[in-house]
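Data block for entry_26.pdb (PDB, C-alpha atoms):
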ATOM      1  CA  MET A   1      89.015 131.767 102.685
ATOM      2  CA  THR A   2      87.115 129.252 100.546
ATOM      3  CA  ALA A   3      86.197 125.937 102.129
ATOM      4  CA  ILE A   4      87.123 122.769 100.287
ATOM      5  CA  ASP A   5      84.090 120.860  99.051
ATOM      6  CA  LEU A   6      85.017 117.319 100.143
ATOM      7  CA  GLU A   7      82.223 115.770  98.086
ATOM      8  CA  ALA A   8      83.514 117.485  94.932
ATOM      9  CA  VAL A   9      87.055 116.300  95.657
ATOM     10  CA  ALA A  10      85.854 112.725  96.247
ATOM     11  CA  ALA A  11      83.808 112.802  93.030
ATOM     12  CA  ALA A  12      86.798 114.076  91.011
ATOM     13  CA  ALA A  13      89.002 111.305  92.418
ATOM     14  CA  ALA A  14      86.581 108.499  91.489
ATOM     15  CA  PRO A  15      88.373 106.016  89.178
ATOM     16  CA  ASP A  16      86.021 106.599  86.212
ATOM     17  CA  VAL A  17      86.255 110.392  86.461
ATOM     18  CA  LEU A  18      90.018 110.439  87.013
ATOM     19  CA  GLY A  19      90.527 107.856  84.261
ATOM     20  CA  SER A  20      88.524 109.947  81.784
ATOM     21  CA  TYR A  21      90.500 113.046  82.740
ATOM     22  CA  LEU A  22      93.811 111.256  82.237
ATOM     23  CA  ALA A  23      92.674 109.789  78.918
ATOM     24  CA  GLU A  24      91.886 113.292  77.638
ATOM     25  CA  SER A  25      94.953 115.021  79.107
ATOM     26  CA  VAL A  26      97.588 116.501  76.828
ATOM     27  CA  ARG A  27     100.349 114.099  75.875
ATOM     28  CA  PRO A  28     104.003 115.099  76.123
ATOM     29  CA  THR A  29     105.460 116.706  73.001
ATOM     30  CA  GLY A  30     108.101 114.954  70.975
ATOM     31  CA  GLU A  31     108.444 112.200  68.444
ATOM     32  CA  HIS A  32     107.075 108.907  69.673
ATOM     33  CA  THR A  33     104.680 106.183  68.595
ATOM     34  CA  PRO A  34     100.977 106.417  69.490
ATOM     35  CA  GLY A  35     101.389 103.906  72.316
ATOM     36  CA  SER A  36     104.486 105.338  73.958
ATOM     37  CA  ALA A  37     104.714 107.756  76.858
ATOM     38  CA  PRO A  38     108.299 108.874  77.546
ATOM     39  CA  SER A  39     109.663 109.709  80.979
ATOM     40  CA  VAL A  40     112.581 112.159  80.996
ATOM     41  CA  ARG A  41     114.993 112.563  83.915
ATOM     42  CA  THR A  42     117.909 114.946  84.091
ATOM     43  CA  THR A  43     120.733 115.527  86.509
ATOM     44  CA  GLU A  44     124.219 116.946  86.637
ATOM     45  CA  HIS A  45     127.364 115.058  87.571
ATOM     46  CA  GLU A  46     130.887 116.464  87.748
ATOM     47  CA  GLY A  47     129.968 119.377  85.463
ATOM     48  CA  HIS A  48     128.102 117.227  82.917
ATOM     49  CA  ARG A  49     124.359 117.355  82.230
ATOM     50  CA  ILE A  50     122.794 113.883  81.956
ATOM     51  CA  THR A  51     119.411 113.238  80.336
ATOM     52  CA  VAL A  52     117.802 109.804  80.416
ATOM     53  CA  THR A  53     114.620 109.206  78.421
ATOM     54  CA  THR A  54     112.754 106.018  79.173
ATOM     55  CA  THR A  55     109.953 105.033  76.815
ATOM     56  CA  TYR A  56     107.520 102.207  77.407
ATOM     57  CA  ASP A  57     105.631 101.014  74.328
ATOM     58  CA  ILE A  58     102.665  99.265  75.886
ATOM     59  CA  VAL A  59     100.352  97.000  73.903
ATOM     60  CA  VAL A  60      97.268  95.352  75.405
ATOM     61  CA  ASP A  61      95.469  92.685  73.353
ATOM     62  CA  GLY A  62      97.340  93.835  70.252
ATOM     63  CA  THR A  63      96.333  97.495  70.668
ATOM     64  CA  PRO A  64      98.915 100.158  71.557
ATOM     65  CA  VAL A  65      97.808 102.157  74.590
ATOM     66  CA  THR A  66      99.150 105.300  76.156
ATOM     67  CA  VAL A  67      99.863 104.537  79.780
ATOM     68  CA  PRO A  68     101.793 107.324  81.471
ATOM     69  CA  LEU A  69     104.571 105.572  83.393
ATOM     70  CA  HIS A  70     107.260 107.741  84.893
ATOM     71  CA  VAL A  71     110.553 106.657  86.376
ATOM     72  CA  ALA A  72     111.753 108.334  89.567
ATOM     73  CA  ASP A  73     115.450 108.914  90.177
ATOM     74  CA  SER A  74     115.285 105.888  92.509
ATOM     75  CA  GLY A  75     114.243 103.698  89.559
ATOM     76  CA  MET A  76     110.739 103.160  90.895
ATOM     77  CA  LEU A  77     107.853 103.524  88.433
ATOM     78  CA  TYR A  78     104.719 105.503  89.069
ATOM     79  CA  SER A  79     101.652 106.586  87.108
ATOM     80  CA  PRO A  80      99.361 109.579  87.551
ATOM     81  CA  GLY A  81      96.472 107.113  87.284
ATOM     82  CA  LEU A  82      97.540 105.558  90.593
ATOM     83  CA  PRO A  83      99.235 108.487  92.338
ATOM     84  CA  TYR A  84      99.935 106.751  95.663
ATOM     85  CA  HIS A  85     101.499 103.604  94.220
ATOM     86  CA  GLN A  86     105.058 102.810  93.178
ATOM     87  CA  PHE A  87     106.132  99.802  91.151
ATOM     88  CA  THR A  88     109.379  97.966  90.507
ATOM     89  CA  SER A  89     108.010  96.524  87.265
ATOM     90  CA  ALA A  90     106.254  98.163  84.309
ATOM     91  CA  LEU A  91     104.208  94.983  83.914
ATOM     92  CA  ASP A  92     102.993  95.264  87.510
ATOM     93  CA  ALA A  93     102.079  98.920  86.923
ATOM     94  CA  VAL A  94     100.045  98.092  83.809
ATOM     95  CA  ARG A  95      98.329  95.187  85.609
ATOM     96  CA  ALA A  96      97.338  97.525  88.456
ATOM     97  CA  LEU A  97      96.045 100.163  86.024
ATOM     98  CA  MET A  98      94.046  97.523  84.145
ATOM     99  CA  SER A  99      92.515  96.273  87.385
ATOM    100  CA  THR A 100      91.683  99.816  88.521
ATOM    101  CA  TYR A 101      90.326 101.019  85.151
ATOM    102  CA  PRO A 102      88.966  97.862  83.452
ATOM    103  CA  ASP A 103      86.596  99.796  81.160
ATOM    104  CA  HIS A 104      89.597 101.462  79.495
ATOM    105  CA  PHE A 105      91.141  98.119  78.510
ATOM    106  CA  GLY A 106      88.184  96.035  77.302
ATOM    107  CA  ARG A 107      86.997  92.788  78.824
ATOM    108  CA  GLY A 108      90.045  90.565  78.243
ATOM    109  CA  THR A 109      89.807  86.790  78.494
TER     110      THR A 109
END
Write out the structure in this file as structure tokens.
Amino acid sequence: MTAIDLEAVAAAAAPDVLGSYLAESVRPTGEHTPGSAPSVRTTEHEGHRITVTTTYDIVVDGTPVTVPLHVADSGMLYSPGLPYHQFTSALDAVRALMSTYPDHFGRGT
């Protein structure tokens, strides 16, 4: 059995390292604008298959950015960039991501 290297795990979870990984990760396939990141949910109800695609087109300081926001069946939003957080508002999620990864969003005002 291989022991887990806790220092390596901590280093990989550092905001700069995780942020760089997420920025380079493969985007979902499909037709969408450069700044959008769709979240797709499916379910079945009374013999019918339901698909709901939610797309957030996020622009920060006039620049479209890809911020992966996903919607859970409960309606709560989450992002892989902040895996232990849930949000009721996309604006709150983007604010939290900007605060956590300021180097990815420029200096602001």
Give the answer as one residue: which of A:His85, A:Arg95, A:His48, A:His104 has the shortest atom-to-atom distance to Gly19 (chain A), using only C-alpha atoms?
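Once distances to Gly19 (chain A) are computed over only C-alpha atoms, the minimum belongs to A:His104.
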Can you spell out as a list of chain:residue names the set of residues that the PyMOL selection byres ((chain A and resi 79-82) around 7) selects in the structure I just provided?
A:Gly19, A:Pro68, A:Leu69, A:His70, A:Tyr78, A:Pro83, A:Tyr84, A:His85
Given the selection you just returned, output its residues as a file containing C-alpha atoms, formatted as an mmCIF file, keeping the file's coordinate frame.
data_model
loop_
_atom_site.group_PDB
_atom_site.id
_atom_site.type_symbol
_atom_site.label_atom_id
_atom_site.label_comp_id
_atom_site.auth_asym_id
_atom_site.auth_seq_id
_atom_site.Cartn_x
_atom_site.Cartn_y
_atom_site.Cartn_z
ATOM 1 C CA GLY A 19 90.527 107.856 84.261
ATOM 2 C CA PRO A 68 101.793 107.324 81.471
ATOM 3 C CA LEU A 69 104.571 105.572 83.393
ATOM 4 C CA HIS A 70 107.260 107.741 84.893
ATOM 5 C CA TYR A 78 104.719 105.503 89.069
ATOM 6 C CA PRO A 83 99.235 108.487 92.338
ATOM 7 C CA TYR A 84 99.935 106.751 95.663
ATOM 8 C CA HIS A 85 101.499 103.604 94.220
#
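Selecting by distance to (111.4, 103.8, 89.6) with a limit of 12 Å and using only C-alpha atoms, one obtains Ser39, Arg41, Thr54, Leu69, His70, Val71, Ala72, Asp73, Ser74, Gly75, Met76, Leu77, Tyr78, Ser79, His85, Gln86, Phe87, Thr88, Ser89, Ala90 and Ala93 of chain A.
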Using the chain letters and numbering of this document, enumerate as a list in words the residues selected by the PyMOL selection byres ((chain A and resi 16) around 12).
Ala10, Ala11, Ala12, Ala13, Ala14, Pro15, Val17, Leu18, Gly19, Ser20, Tyr21, Leu22, Ala23, Gly81, Leu97, Thr100, Tyr101, Pro102, Asp103 and His104 of chain A
Would you save the residues of that selection, restricted to C-alpha atoms, as an mmCIF file, keeping the file's coordinate frame?
data_model
loop_
_atom_site.group_PDB
_atom_site.id
_atom_site.type_symbol
_atom_site.label_atom_id
_atom_site.label_comp_id
_atom_site.auth_asym_id
_atom_site.auth_seq_id
_atom_site.Cartn_x
_atom_site.Cartn_y
_atom_site.Cartn_z
ATOM 1 C CA ALA A 10 85.854 112.725 96.247
ATOM 2 C CA ALA A 11 83.808 112.802 93.030
ATOM 3 C CA ALA A 12 86.798 114.076 91.011
ATOM 4 C CA ALA A 13 89.002 111.305 92.418
ATOM 5 C CA ALA A 14 86.581 108.499 91.489
ATOM 6 C CA PRO A 15 88.373 106.016 89.178
ATOM 7 C CA VAL A 17 86.255 110.392 86.461
ATOM 8 C CA LEU A 18 90.018 110.439 87.013
ATOM 9 C CA GLY A 19 90.527 107.856 84.261
ATOM 10 C CA SER A 20 88.524 109.947 81.784
ATOM 11 C CA TYR A 21 90.500 113.046 82.740
ATOM 12 C CA LEU A 22 93.811 111.256 82.237
ATOM 13 C CA ALA A 23 92.674 109.789 78.918
ATOM 14 C CA GLY A 81 96.472 107.113 87.284
ATOM 15 C CA LEU A 97 96.045 100.163 86.024
ATOM 16 C CA THR A 100 91.683 99.816 88.521
ATOM 17 C CA TYR A 101 90.326 101.019 85.151
ATOM 18 C CA PRO A 102 88.966 97.862 83.452
ATOM 19 C CA ASP A 103 86.596 99.796 81.160
ATOM 20 C CA HIS A 104 89.597 101.462 79.495
#
Just give me the gap between CA of Leu91 (chain A) and CA of Val52 (chain A) in Å, one decimal is fine.
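Calculated distance between CA of Leu91 (chain A) and CA of Val52 (chain A) is 20.4 Å.
For the pair CA of Gly106 (chain A) and CA of Asp92 (chain A), the interatomic distance is 18.0 Å.
Separating CA of Asp57 (chain A) from CA of Thr42 (chain A) is a distance of 21.0 Å.
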Box for region 62-75 of chain A - axis-aligned, 6 Å on each of the six sides, all listed atoms - centre and size in Å to one decimal, as JSON.
{"center_x": 105.9, "center_y": 101.4, "center_z": 81.4, "size_x": 31.1, "size_y": 27.1, "size_z": 34.3}
With a distance cut-off of 10 Å and only C-alpha atoms, select the neighbouring residues of Thr63 (chain A), excluding the residue or stretch itself and same-chain residues fewer than 3 positions from it, and output the selection as a PyMOL selection string.
chain A and resi 35+58-60+66+105
